[in-house]
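These notes are about the structure you will find just below.
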Amino acid sequence: MKYKTFSNGVAIPVVGFGTWQVSPQEAYESVRSALDVGYRHIDTAAAYENEAEVGQAITDSGIKREELFVTTKLGNKIRGYKETLQAAKESMEKLQVEYLDLYLIHWPNPAAHRHWWKEANAESWKAMEELYRKGVIKTIGISNFEERHIEALLASAQVIPHTNQIRLFAGEQQRALVAYCRNKGMVTEAYSPLGVGGILSNEVILRIAGETNRTSAQVALRYNLQKGHVVLPKSVHRRRMAENLDLFDFELSQEQMVCLDALPNTISATRNPDEVPF
Ligand code: A2P
């Protein structure tokens with residue numbers, strides 16, 4: 001495994017196991033399999049409603065806590081200082097961990113808090129900074145934040161978010177936002193790095209898969225890695241999990257990268273966080 005280093009020196013494995021759209025029923029077995037095939041970085045969220053199953057799988061794996069990197073996210077219904085402290089505690093209880101490696105604000109402008117989103121994020125961030133200072137959370141970050149949301153947060157933040165987890169795949173690179181985040185020293189994490197499976201039949205990706213003797217999933221993931229992102233592929237199939245982790249003994253050429261850079265987004269536009277209905 002390779003690692004990226006956050007601005008505070010904490011290291012994150014560049015491939016994590018994503019658990020969005022993994023049902024509670026599937027989550028236990030999937031995470032057990034993922035840990036078994038070698039993943040040491042698991043990404044979940046309160047909103048995925050599978051933290052308890054993820055936690056049980058982590059415990060039952062017997063893998064030492066310090067060998068794991070565990071991320072979860074503050075749900076959209078929760079904002080505020082005390083409320084965020086409580087939510088983090090509940091997530092850690094469900095995950096059966098004493099500390100989190102990374103805690104993220106999942107969305108910047110939830111429907112339930114739209115009337116006060118700036119203050120709401122500032123209050124929640126204060127709680128996250130406190131947990132960070134106490135060492136209960138090793139790194140703190142954001143997800144789905146665009147520049148205007150980050151600027152608003154930075155107006156009162158004492159700790160600059162260590163990462164922004166956003167939707168990134170071949171065809172959707174959010175270049176201006178990525179450049180902005182990097183300029184602030186944030187790591188970029190890619191969710192839906194396979195376009196939720198939608199880019200795997202893309203003909204350019206398939207051609208490059210043929211050229212490199214790899215699968216289209218591996219090409220898509222390797223592309224995001226070479227763009228400098230942490231990737232969080234999801235699969236409930238053990239063989240695919242292993243395939244998605246096997247990315248370090250080949251490299252895409254500059255020419256192949258240029259072809260992938262030129263792909264349009266044929267999946268769907270990234271949602272405007274100010275208009276999400278949740
Ligand atoms: P499944 O869970 O049935 O394996 P993303 O990570 O962008 O959200 O994409 C996840 C989707 O891609 C899921 O539908 C998953 O299906 C599918 N998928 C994940 N890895 C692979 C792979 N190596 N080959 C084919 N499909 C994959």
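Labels used: A, B, ... for chains in the order of the structure tokens, numbers from 1 for residues in each chain, and numbers from 1 for ligands as shown.
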Counting only C-alpha atoms and all ligand atoms, which residues of chain A sit at most 7 Å from some atom of ligand 1, and what is each one's closest atom pair with its distance in Å to one decimal, listed by chain and rising residue number, as a tab-separated table?
residue	atom	partner	partner_atom_place_in_ligand_line	distance
A:Gly18	CA	ligand 1	6 (O)	6.7
A:Tyr191	CA	ligand 1	7 (O)	6.5
A:Ser192	CA	ligand 1	7 (O)	3.1
A:Pro193	CA	ligand 1	7 (O)	4.2
A:Leu194	CA	ligand 1	7 (O)	3.3
A:Gly195	CA	ligand 1	7 (O)	4.1
A:Val196	CA	ligand 1	9 (O)	3.3
A:Gly197	CA	ligand 1	12 (O)	3.5
A:Leu200	CA	ligand 1	25 (C)	6.9
A:Ala217	CA	ligand 1	23 (N)	4.8
A:Gln218	CA	ligand 1	23 (N)	6.9
A:Leu232	CA	ligand 1	6 (O)	6.3
A:Pro233	CA	ligand 1	6 (O)	3.5
A:Lys234	CA	ligand 1	6 (O)	4.0
A:Ser235	CA	ligand 1	2 (O)	3.2
A:Val236	CA	ligand 1	2 (O)	4.1
A:His237	CA	ligand 1	4 (O)	4.9
A:Arg240	CA	ligand 1	23 (N)	4.1
A:Met241	CA	ligand 1	20 (N)	6.4
A:Glu243	CA	ligand 1	23 (N)	5.6
A:Asn244	CA	ligand 1	23 (N)	5.5
Output all heavy atoms for every residue in the selection just made, as a short mmCIF file (atom, residue, chain, number, x, y, z; two decimals), in the first residue's frame.
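Result file is selection-v1.cif:
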data_model
loop_
_atom_site.label_atom_id
_atom_site.label_comp_id
_atom_site.auth_asym_id
_atom_site.auth_seq_id
_atom_site.Cartn_x
_atom_site.Cartn_y
_atom_site.Cartn_z
N GLY A 18 -14.78 1.84 0.16
CA GLY A 18 -15.96 2.69 0.30
C GLY A 18 -17.18 1.85 0.65
O GLY A 18 -17.35 0.74 0.12
N TYR A 191 -14.59 10.01 -4.05
CA TYR A 191 -15.66 9.02 -3.92
C TYR A 191 -16.25 8.77 -5.30
O TYR A 191 -16.04 9.55 -6.22
CB TYR A 191 -16.69 9.42 -2.85
CG TYR A 191 -17.71 10.50 -3.17
CD1 TYR A 191 -18.83 10.24 -3.96
CD2 TYR A 191 -17.58 11.77 -2.62
CE1 TYR A 191 -19.79 11.22 -4.20
CE2 TYR A 191 -18.53 12.76 -2.85
CZ TYR A 191 -19.63 12.49 -3.65
OH TYR A 191 -20.56 13.46 -3.88
N SER A 192 -16.94 7.64 -5.43
CA SER A 192 -17.43 7.17 -6.74
C SER A 192 -16.32 7.19 -7.80
O SER A 192 -16.53 7.68 -8.91
CB SER A 192 -18.62 8.02 -7.22
OG SER A 192 -19.67 7.99 -6.30
N PRO A 193 -15.13 6.64 -7.50
CA PRO A 193 -14.03 6.71 -8.46
C PRO A 193 -14.27 5.89 -9.72
O PRO A 193 -13.55 6.06 -10.71
CB PRO A 193 -12.83 6.16 -7.66
CG PRO A 193 -13.44 5.25 -6.66
CD PRO A 193 -14.75 5.90 -6.28
N LEU A 194 -15.29 5.01 -9.66
CA LEU A 194 -15.67 4.24 -10.86
C LEU A 194 -16.94 4.82 -11.47
O LEU A 194 -17.58 4.18 -12.31
CB LEU A 194 -15.87 2.76 -10.48
CG LEU A 194 -14.70 2.10 -9.74
CD1 LEU A 194 -15.08 0.71 -9.26
CD2 LEU A 194 -13.45 2.05 -10.63
N GLY A 195 -17.31 6.03 -11.03
CA GLY A 195 -18.57 6.61 -11.50
C GLY A 195 -19.74 5.69 -11.13
O GLY A 195 -20.66 5.51 -11.93
N VAL A 196 -19.66 5.12 -9.92
CA VAL A 196 -20.64 4.11 -9.47
C VAL A 196 -20.78 3.00 -10.54
O VAL A 196 -21.88 2.54 -10.85
CB VAL A 196 -22.00 4.74 -9.09
CG1 VAL A 196 -22.82 3.77 -8.21
CG2 VAL A 196 -21.82 6.03 -8.29
N GLY A 197 -19.66 2.63 -11.09
CA GLY A 197 -19.63 1.55 -12.09
C GLY A 197 -19.88 2.03 -13.51
O GLY A 197 -19.61 1.32 -14.47
N LEU A 200 -17.06 2.07 -16.42
CA LEU A 200 -16.27 0.86 -16.69
C LEU A 200 -16.43 0.35 -18.12
O LEU A 200 -15.58 -0.39 -18.61
CB LEU A 200 -16.62 -0.24 -15.68
CG LEU A 200 -16.30 0.17 -14.23
CD1 LEU A 200 -16.75 -0.92 -13.26
CD2 LEU A 200 -14.81 0.45 -14.07
N ALA A 217 -11.68 -1.20 -14.34
CA ALA A 217 -11.73 -0.65 -12.97
C ALA A 217 -10.33 -0.25 -12.53
O ALA A 217 -10.12 0.83 -11.94
CB ALA A 217 -12.32 -1.68 -12.01
N GLN A 218 -9.35 -1.09 -12.83
CA GLN A 218 -7.97 -0.76 -12.42
C GLN A 218 -7.46 0.48 -13.13
O GLN A 218 -6.77 1.30 -12.53
CB GLN A 218 -7.06 -1.97 -12.66
CG GLN A 218 -7.35 -3.10 -11.68
CD GLN A 218 -6.61 -4.37 -12.00
OE1 GLN A 218 -6.45 -4.74 -13.18
NE2 GLN A 218 -6.15 -5.07 -10.99
N LEU A 232 -11.64 5.65 -3.16
CA LEU A 232 -12.51 4.89 -2.25
C LEU A 232 -13.49 4.02 -3.04
O LEU A 232 -14.70 4.24 -3.02
CB LEU A 232 -13.29 5.87 -1.36
CG LEU A 232 -12.42 6.85 -0.55
CD1 LEU A 232 -13.25 7.98 0.02
CD2 LEU A 232 -11.69 6.10 0.57
N PRO A 233 -12.98 3.02 -3.77
CA PRO A 233 -13.88 2.17 -4.55
C PRO A 233 -14.75 1.30 -3.64
O PRO A 233 -14.33 0.91 -2.55
CB PRO A 233 -12.94 1.30 -5.38
CG PRO A 233 -11.68 1.24 -4.57
CD PRO A 233 -11.58 2.57 -3.88
N LYS A 234 -15.95 1.01 -4.13
CA LYS A 234 -16.89 0.15 -3.39
C LYS A 234 -17.17 -1.08 -4.21
O LYS A 234 -17.38 -1.01 -5.43
CB LYS A 234 -18.17 0.95 -3.15
CG LYS A 234 -19.33 0.15 -2.62
CD LYS A 234 -20.31 -0.28 -3.73
CE LYS A 234 -21.34 -1.27 -3.20
NZ LYS A 234 -22.21 -1.79 -4.26
N SER A 235 -17.16 -2.24 -3.57
CA SER A 235 -17.67 -3.45 -4.21
C SER A 235 -18.13 -4.41 -3.12
O SER A 235 -17.56 -4.42 -2.04
CB SER A 235 -16.60 -4.13 -5.07
OG SER A 235 -17.15 -5.34 -5.59
N VAL A 236 -19.14 -5.19 -3.42
CA VAL A 236 -19.54 -6.23 -2.47
C VAL A 236 -18.97 -7.59 -2.89
O VAL A 236 -19.27 -8.60 -2.28
CB VAL A 236 -21.08 -6.31 -2.30
CG1 VAL A 236 -21.62 -5.02 -1.69
CG2 VAL A 236 -21.78 -6.60 -3.63
N HIS A 237 -18.16 -7.60 -3.96
CA HIS A 237 -17.60 -8.86 -4.45
C HIS A 237 -16.11 -8.95 -4.13
O HIS A 237 -15.33 -8.07 -4.52
CB HIS A 237 -17.83 -8.99 -5.96
CG HIS A 237 -19.28 -9.07 -6.30
ND1 HIS A 237 -20.00 -7.98 -6.76
CD2 HIS A 237 -20.15 -10.10 -6.21
CE1 HIS A 237 -21.26 -8.34 -6.95
NE2 HIS A 237 -21.37 -9.62 -6.62
N ARG A 240 -13.53 -8.51 -6.95
CA ARG A 240 -13.40 -7.11 -7.38
C ARG A 240 -12.68 -6.28 -6.32
O ARG A 240 -11.91 -5.37 -6.66
CB ARG A 240 -14.78 -6.52 -7.64
CG ARG A 240 -15.44 -7.09 -8.88
CD ARG A 240 -16.84 -6.54 -9.02
NE ARG A 240 -17.47 -6.98 -10.25
CZ ARG A 240 -18.73 -6.68 -10.56
NH1 ARG A 240 -19.48 -5.96 -9.74
NH2 ARG A 240 -19.25 -7.11 -11.70
N MET A 241 -12.95 -6.56 -5.06
CA MET A 241 -12.24 -5.83 -3.99
C MET A 241 -10.73 -5.99 -4.16
O MET A 241 -9.98 -5.03 -4.06
CB MET A 241 -12.60 -6.40 -2.60
CG MET A 241 -14.01 -6.15 -2.17
SD MET A 241 -14.26 -7.03 -0.59
CE MET A 241 -16.04 -6.92 -0.49
N GLU A 243 -9.10 -6.87 -6.87
CA GLU A 243 -8.71 -6.22 -8.13
C GLU A 243 -8.51 -4.71 -7.91
O GLU A 243 -7.54 -4.12 -8.38
CB GLU A 243 -9.83 -6.49 -9.13
CG GLU A 243 -9.68 -5.92 -10.48
CD GLU A 243 -10.94 -6.24 -11.32
OE1 GLU A 243 -11.44 -7.40 -11.27
OE2 GLU A 243 -11.42 -5.34 -12.02
N ASN A 244 -9.42 -4.11 -7.15
CA ASN A 244 -9.39 -2.65 -6.94
C ASN A 244 -8.24 -2.21 -6.03
O ASN A 244 -7.97 -1.01 -5.90
CB ASN A 244 -10.72 -2.18 -6.36
CG ASN A 244 -11.88 -2.40 -7.32
OD1 ASN A 244 -11.68 -2.68 -8.50
ND2 ASN A 244 -13.10 -2.27 -6.82
#
Find the spatial neighbours of Arg114 of chain A, counting only C-alpha atoms, within a cut-off of 8 Å - ignore same-chain residues fewer than 4 positions away - and output them as a PyMOL selection string.
chain A and resi 109-110+274
Restricting the output to all heavy atoms, write the selected residues as a CSV table (one decimal), in the first residue's frame.
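Once everything was written out, this is again_3.csv:
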chain,number,residue,atom,x,y,z
A,109,ASN,N,-24.3,22.0,3.1
A,109,ASN,CA,-25.5,22.8,3.2
A,109,ASN,C,-26.8,21.9,3.2
A,109,ASN,O,-27.5,21.8,2.3
A,109,ASN,CB,-25.6,23.8,2.0
A,109,ASN,CG,-26.7,24.8,2.2
A,109,ASN,OD1,-27.5,24.7,3.1
A,109,ASN,ND2,-26.7,25.8,1.3
A,110,PRO,N,-26.9,21.1,4.3
A,110,PRO,CA,-28.1,20.2,4.4
A,110,PRO,C,-29.4,20.9,4.4
A,110,PRO,O,-29.5,22.0,4.9
A,110,PRO,CB,-27.9,19.5,5.7
A,110,PRO,CG,-26.6,19.9,6.3
A,110,PRO,CD,-26.2,21.2,5.6
A,274,ASP,N,-25.9,23.1,-2.6
A,274,ASP,CA,-26.9,24.1,-2.0
A,274,ASP,C,-28.3,23.7,-2.3
A,274,ASP,O,-29.2,24.4,-1.9
A,274,ASP,CB,-26.6,25.5,-2.5
A,274,ASP,CG,-25.2,26.0,-2.0
A,274,ASP,OD1,-24.8,25.6,-0.9
A,274,ASP,OD2,-24.5,26.7,-2.8
Selection: 6 Å around Ile137 of chain A, only C-alpha atoms, excl. self and same-chain fewer than 2 positions, as a list in words:
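The residues that qualify are Tyr99, Leu100, Asp101, Leu131, Tyr132, Gly135 and Thr139 of chain A.
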Selected residues written out, N, CA and C atoms, as a PDB file, in the first residue's frame:
ATOM      1  N   TYR A  99     -10.995   5.923  18.900  1.00  0.00           N
ATOM      2  CA  TYR A  99     -10.666   7.150  18.170  1.00  0.00           C
ATOM      3  C   TYR A  99     -10.996   6.963  16.690  1.00  0.00           C
ATOM      4  N   LEU A 100     -11.170   8.081  15.994  1.00  0.00           N
ATOM      5  CA  LEU A 100     -11.376   8.050  14.541  1.00  0.00           C
ATOM      6  C   LEU A 100     -10.106   8.562  13.870  1.00  0.00           C
ATOM      7  N   ASP A 101      -9.770   7.983  12.736  1.00  0.00           N
ATOM      8  CA  ASP A 101      -8.633   8.520  11.979  1.00  0.00           C
ATOM      9  C   ASP A 101      -9.041   9.769  11.219  1.00  0.00           C
ATOM     10  N   LEU A 131     -12.220  17.825  19.439  1.00  0.00           N
ATOM     11  CA  LEU A 131     -11.916  16.386  19.460  1.00  0.00           C
ATOM     12  C   LEU A 131     -10.548  16.115  18.830  1.00  0.00           C
ATOM     13  N   TYR A 132     -10.237  16.906  17.826  1.00  0.00           N
ATOM     14  CA  TYR A 132      -8.919  16.790  17.177  1.00  0.00           C
ATOM     15  C   TYR A 132      -7.799  17.152  18.167  1.00  0.00           C
ATOM     16  N   GLY A 135      -7.081  14.536  20.572  1.00  0.00           N
ATOM     17  CA  GLY A 135      -6.532  13.310  19.995  1.00  0.00           C
ATOM     18  C   GLY A 135      -7.574  12.222  19.761  1.00  0.00           C
ATOM     19  N   THR A 139      -7.556  13.286  12.259  1.00  0.00           N
ATOM     20  CA  THR A 139      -7.623  14.319  11.213  1.00  0.00           C
ATOM     21  C   THR A 139      -9.099  14.677  11.001  1.00  0.00           C
TER      22      THR A 139
END
Could you list, as JSON, numbers by chain, every residue within 9 Å of Pro108 of chain A, counting only C-alpha atoms and ignoring same-chain residues fewer than 4 positions away?
{"A": [76, 117, 118, 121, 142, 143, 144, 145, 146, 149, 150, 273, 274]}
Let me make sure I understand: among A:Tyr103, A:Phe6, A:Phe169, A:Phe248, which one has the smallest atom-to-atom distance to Thr71 of chain A if we use only C-alpha atoms?
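Among the listed residues, the smallest separation from Thr71 of chain A belongs to A:Tyr103.
Taking atom CA of Val276 of chain A and atom CA of Lys77 of chain A as endpoints, the distance between them is 12.7 Å.
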Which of segment 155-238 of chain A counts as alpha helix (DSSP H) under DSSP, as number ranges by chain please?
A: 175-183, 203-212, 216-226, 238
Give me, as a list of chain:residue names, the residues of segment 154-199 of chain A that a backbone DSSP run labels strand (DSSP E or B).
A:Thr163, A:Asn164, A:Gln165, A:Ile166, A:Arg167, A:Phe169, A:Glu172, A:Val187, A:Thr188, A:Glu189, A:Ala190, A:Tyr191
Selection above as a file: all heavy atoms, as a compact mmCIF listing (two decimals), in the first residue's frame:
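result_31.txt was written with the following content:
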# COMPACT_ATOMS: atom_id res chain seq x y z
N THR A 163 -8.71 17.38 4.60
CA THR A 163 -9.10 16.78 3.32
C THR A 163 -10.48 17.26 2.89
O THR A 163 -11.27 17.71 3.72
CB THR A 163 -9.10 15.23 3.41
OG1 THR A 163 -9.36 14.67 2.14
CG2 THR A 163 -10.14 14.72 4.39
N ASN A 164 -10.75 17.16 1.61
CA ASN A 164 -12.09 17.34 1.08
C ASN A 164 -12.39 16.10 0.25
O ASN A 164 -11.66 15.79 -0.70
CB ASN A 164 -12.17 18.61 0.22
CG ASN A 164 -13.60 19.01 -0.15
OD1 ASN A 164 -14.57 18.47 0.39
ND2 ASN A 164 -13.72 19.96 -1.06
N GLN A 165 -13.44 15.37 0.64
CA GLN A 165 -13.81 14.16 -0.09
C GLN A 165 -14.90 14.53 -1.09
O GLN A 165 -15.99 14.94 -0.70
CB GLN A 165 -14.31 13.08 0.87
CG GLN A 165 -14.61 11.78 0.14
CD GLN A 165 -15.14 10.67 1.03
OE1 GLN A 165 -16.22 10.15 0.79
NE2 GLN A 165 -14.39 10.30 2.05
N ILE A 166 -14.59 14.38 -2.37
CA ILE A 166 -15.51 14.83 -3.42
C ILE A 166 -15.64 13.77 -4.52
O ILE A 166 -14.91 12.78 -4.53
CB ILE A 166 -15.06 16.20 -4.00
CG1 ILE A 166 -13.60 16.15 -4.48
CG2 ILE A 166 -15.25 17.30 -2.97
CD1 ILE A 166 -13.10 17.45 -5.10
N ARG A 167 -16.56 14.04 -5.45
CA ARG A 167 -16.86 13.08 -6.53
C ARG A 167 -15.84 13.27 -7.65
O ARG A 167 -15.84 14.31 -8.32
CB ARG A 167 -18.28 13.35 -7.00
CG ARG A 167 -18.88 12.37 -7.95
CD ARG A 167 -20.36 12.65 -8.04
NE ARG A 167 -21.04 11.83 -9.01
CZ ARG A 167 -21.40 12.25 -10.23
NH1 ARG A 167 -21.14 13.48 -10.63
NH2 ARG A 167 -22.03 11.43 -11.06
N PHE A 169 -13.87 11.14 -10.88
CA PHE A 169 -13.59 9.97 -11.71
C PHE A 169 -13.16 10.47 -13.08
O PHE A 169 -13.19 11.69 -13.34
CB PHE A 169 -14.81 9.03 -11.79
CG PHE A 169 -16.11 9.69 -12.15
CD1 PHE A 169 -16.44 9.98 -13.47
CD2 PHE A 169 -17.03 10.03 -11.15
CE1 PHE A 169 -17.65 10.59 -13.80
CE2 PHE A 169 -18.25 10.63 -11.47
CZ PHE A 169 -18.55 10.92 -12.80
N GLU A 172 -14.93 13.41 -14.63
CA GLU A 172 -15.37 14.39 -13.62
C GLU A 172 -14.19 14.66 -12.69
O GLU A 172 -13.98 13.93 -11.72
CB GLU A 172 -16.58 13.85 -12.85
CG GLU A 172 -17.11 14.76 -11.75
CD GLU A 172 -17.58 16.11 -12.23
OE1 GLU A 172 -16.77 16.84 -12.83
OE2 GLU A 172 -18.76 16.45 -12.00
N VAL A 187 -5.68 17.24 1.24
CA VAL A 187 -5.66 16.04 0.41
C VAL A 187 -7.03 15.93 -0.26
O VAL A 187 -8.05 16.24 0.37
CB VAL A 187 -5.37 14.80 1.29
CG1 VAL A 187 -5.64 13.50 0.55
CG2 VAL A 187 -3.93 14.85 1.82
N THR A 188 -7.06 15.49 -1.50
CA THR A 188 -8.35 15.25 -2.16
C THR A 188 -8.66 13.75 -2.15
O THR A 188 -7.82 12.94 -2.53
CB THR A 188 -8.34 15.77 -3.61
OG1 THR A 188 -7.13 15.34 -4.25
CG2 THR A 188 -8.42 17.28 -3.64
N GLU A 189 -9.85 13.43 -1.69
CA GLU A 189 -10.29 12.04 -1.67
C GLU A 189 -11.39 11.87 -2.71
O GLU A 189 -12.31 12.70 -2.78
CB GLU A 189 -10.88 11.68 -0.31
CG GLU A 189 -9.88 11.55 0.80
CD GLU A 189 -10.55 10.95 2.03
OE1 GLU A 189 -11.41 11.61 2.64
OE2 GLU A 189 -10.23 9.80 2.36
N ALA A 190 -11.32 10.78 -3.48
CA ALA A 190 -12.27 10.55 -4.57
C ALA A 190 -13.33 9.54 -4.16
O ALA A 190 -13.03 8.37 -3.95
CB ALA A 190 -11.53 10.02 -5.79
N TYR A 191 -14.59 10.01 -4.05
CA TYR A 191 -15.66 9.02 -3.92
C TYR A 191 -16.25 8.77 -5.30
O TYR A 191 -16.04 9.55 -6.22
CB TYR A 191 -16.69 9.42 -2.85
CG TYR A 191 -17.71 10.50 -3.17
CD1 TYR A 191 -18.83 10.24 -3.96
CD2 TYR A 191 -17.58 11.77 -2.62
CE1 TYR A 191 -19.79 11.22 -4.20
CE2 TYR A 191 -18.53 12.76 -2.85
CZ TYR A 191 -19.63 12.49 -3.65
OH TYR A 191 -20.56 13.46 -3.88
Using only C-alpha atoms, which of the listed residues (A:Glu147, A:Tyr3, A:Ile205, A:Asp60) sits closest to Ala176 of chain A?
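The shortest atom-to-atom distance to Ala176 of chain A comes from A:Glu147.
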Nearest to Ala45 of chain A, chosen from A:Asn183, A:Ser91, A:Ser30, A:Thr59, with only C-alpha atoms counted in the distances
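Closest to Ala45 of chain A of all the choices is A:Ser91.
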Report as a list in words all protein, DNA and RNA residues lying within 9 Å of Val37 of chain A, evaluated on only C-alpha atoms, omitting residues in the same chain fewer than 6 positions from it.
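Contacts, with the query itself left out: Arg238, Arg239, Met241, Ala242 and Leu245 of chain A.
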Residues within 8 Å of Lys73 of chain A, only C-alpha atoms, excluding chain neighbours under 2 positions, as a list of chain:residue names
A:Thr44, A:Ala45, A:Ala46, A:Ala47, A:Thr71, A:Gly75, A:Tyr103, A:Leu104, A:Ile105, A:His106
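Distance-wise, atom CA of His229 of chain A and atom CA of Leu177 of chain A end up 12.8 Å apart.
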I'd like the neighbourhood of Thr5 of chain A as a PyMOL selection string, where a residue qualifies if any of its atoms comes within 12 Å (using only C-alpha atoms), though same-chain residues fewer than 2 positions away should be ignored.
chain A and resi 2-3+7-14+139+162-163+185-188+228-230
Let me see the file: selected residues, C-alpha atoms, as a compact mmCIF listing (two decimals), in the first residue's frame.
# COMPACT_ATOMS: atom_id res chain seq x y z
CA LYS A 2 1.05 3.55 -0.63
CA TYR A 3 0.17 6.47 1.64
CA SER A 7 -0.62 18.54 6.57
CA ASN A 8 -0.34 17.37 10.21
CA GLY A 9 1.86 14.38 9.32
CA VAL A 10 -0.83 11.66 9.66
CA ALA A 11 -0.64 9.09 6.83
CA ILE A 12 -3.66 7.74 4.94
CA PRO A 13 -3.62 4.61 2.72
CA VAL A 14 -4.33 5.85 -0.82
CA THR A 139 -7.62 14.32 11.21
CA HIS A 162 -7.08 18.11 6.23
CA THR A 163 -9.10 16.78 3.32
CA GLY A 185 -2.91 22.07 1.72
CA MET A 186 -5.81 19.61 1.67
CA VAL A 187 -5.66 16.04 0.41
CA THR A 188 -8.35 15.25 -2.16
CA GLY A 228 -3.01 12.63 -6.80
CA HIS A 229 -6.30 11.57 -5.17
CA VAL A 230 -7.01 8.99 -2.49
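For the pair atom CA of Lys126 of chain A and atom CA of Arg40 of chain A, the separation is 28.7 Å.
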Measuring between only C-alpha atoms, which one of A:Val97, A:Ile160, A:Met128, A:Ala112 shows the shortest distance to Thr84 of chain A?
A:Met128
Shortest contact to Leu74 of chain A, candidates A:Gln96, A:Gln21, A:Ser124, A:Asn213, atoms counted only C-alpha atoms, goes to A:Ser124
Residue nearest Gly16 of chain A - candidates A:Glu255, A:Arg207, A:Gly55, A:Val31, atoms counted: only C-alpha atoms:
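Answer, going by the shortest atom-to-atom distance: A:Val31.
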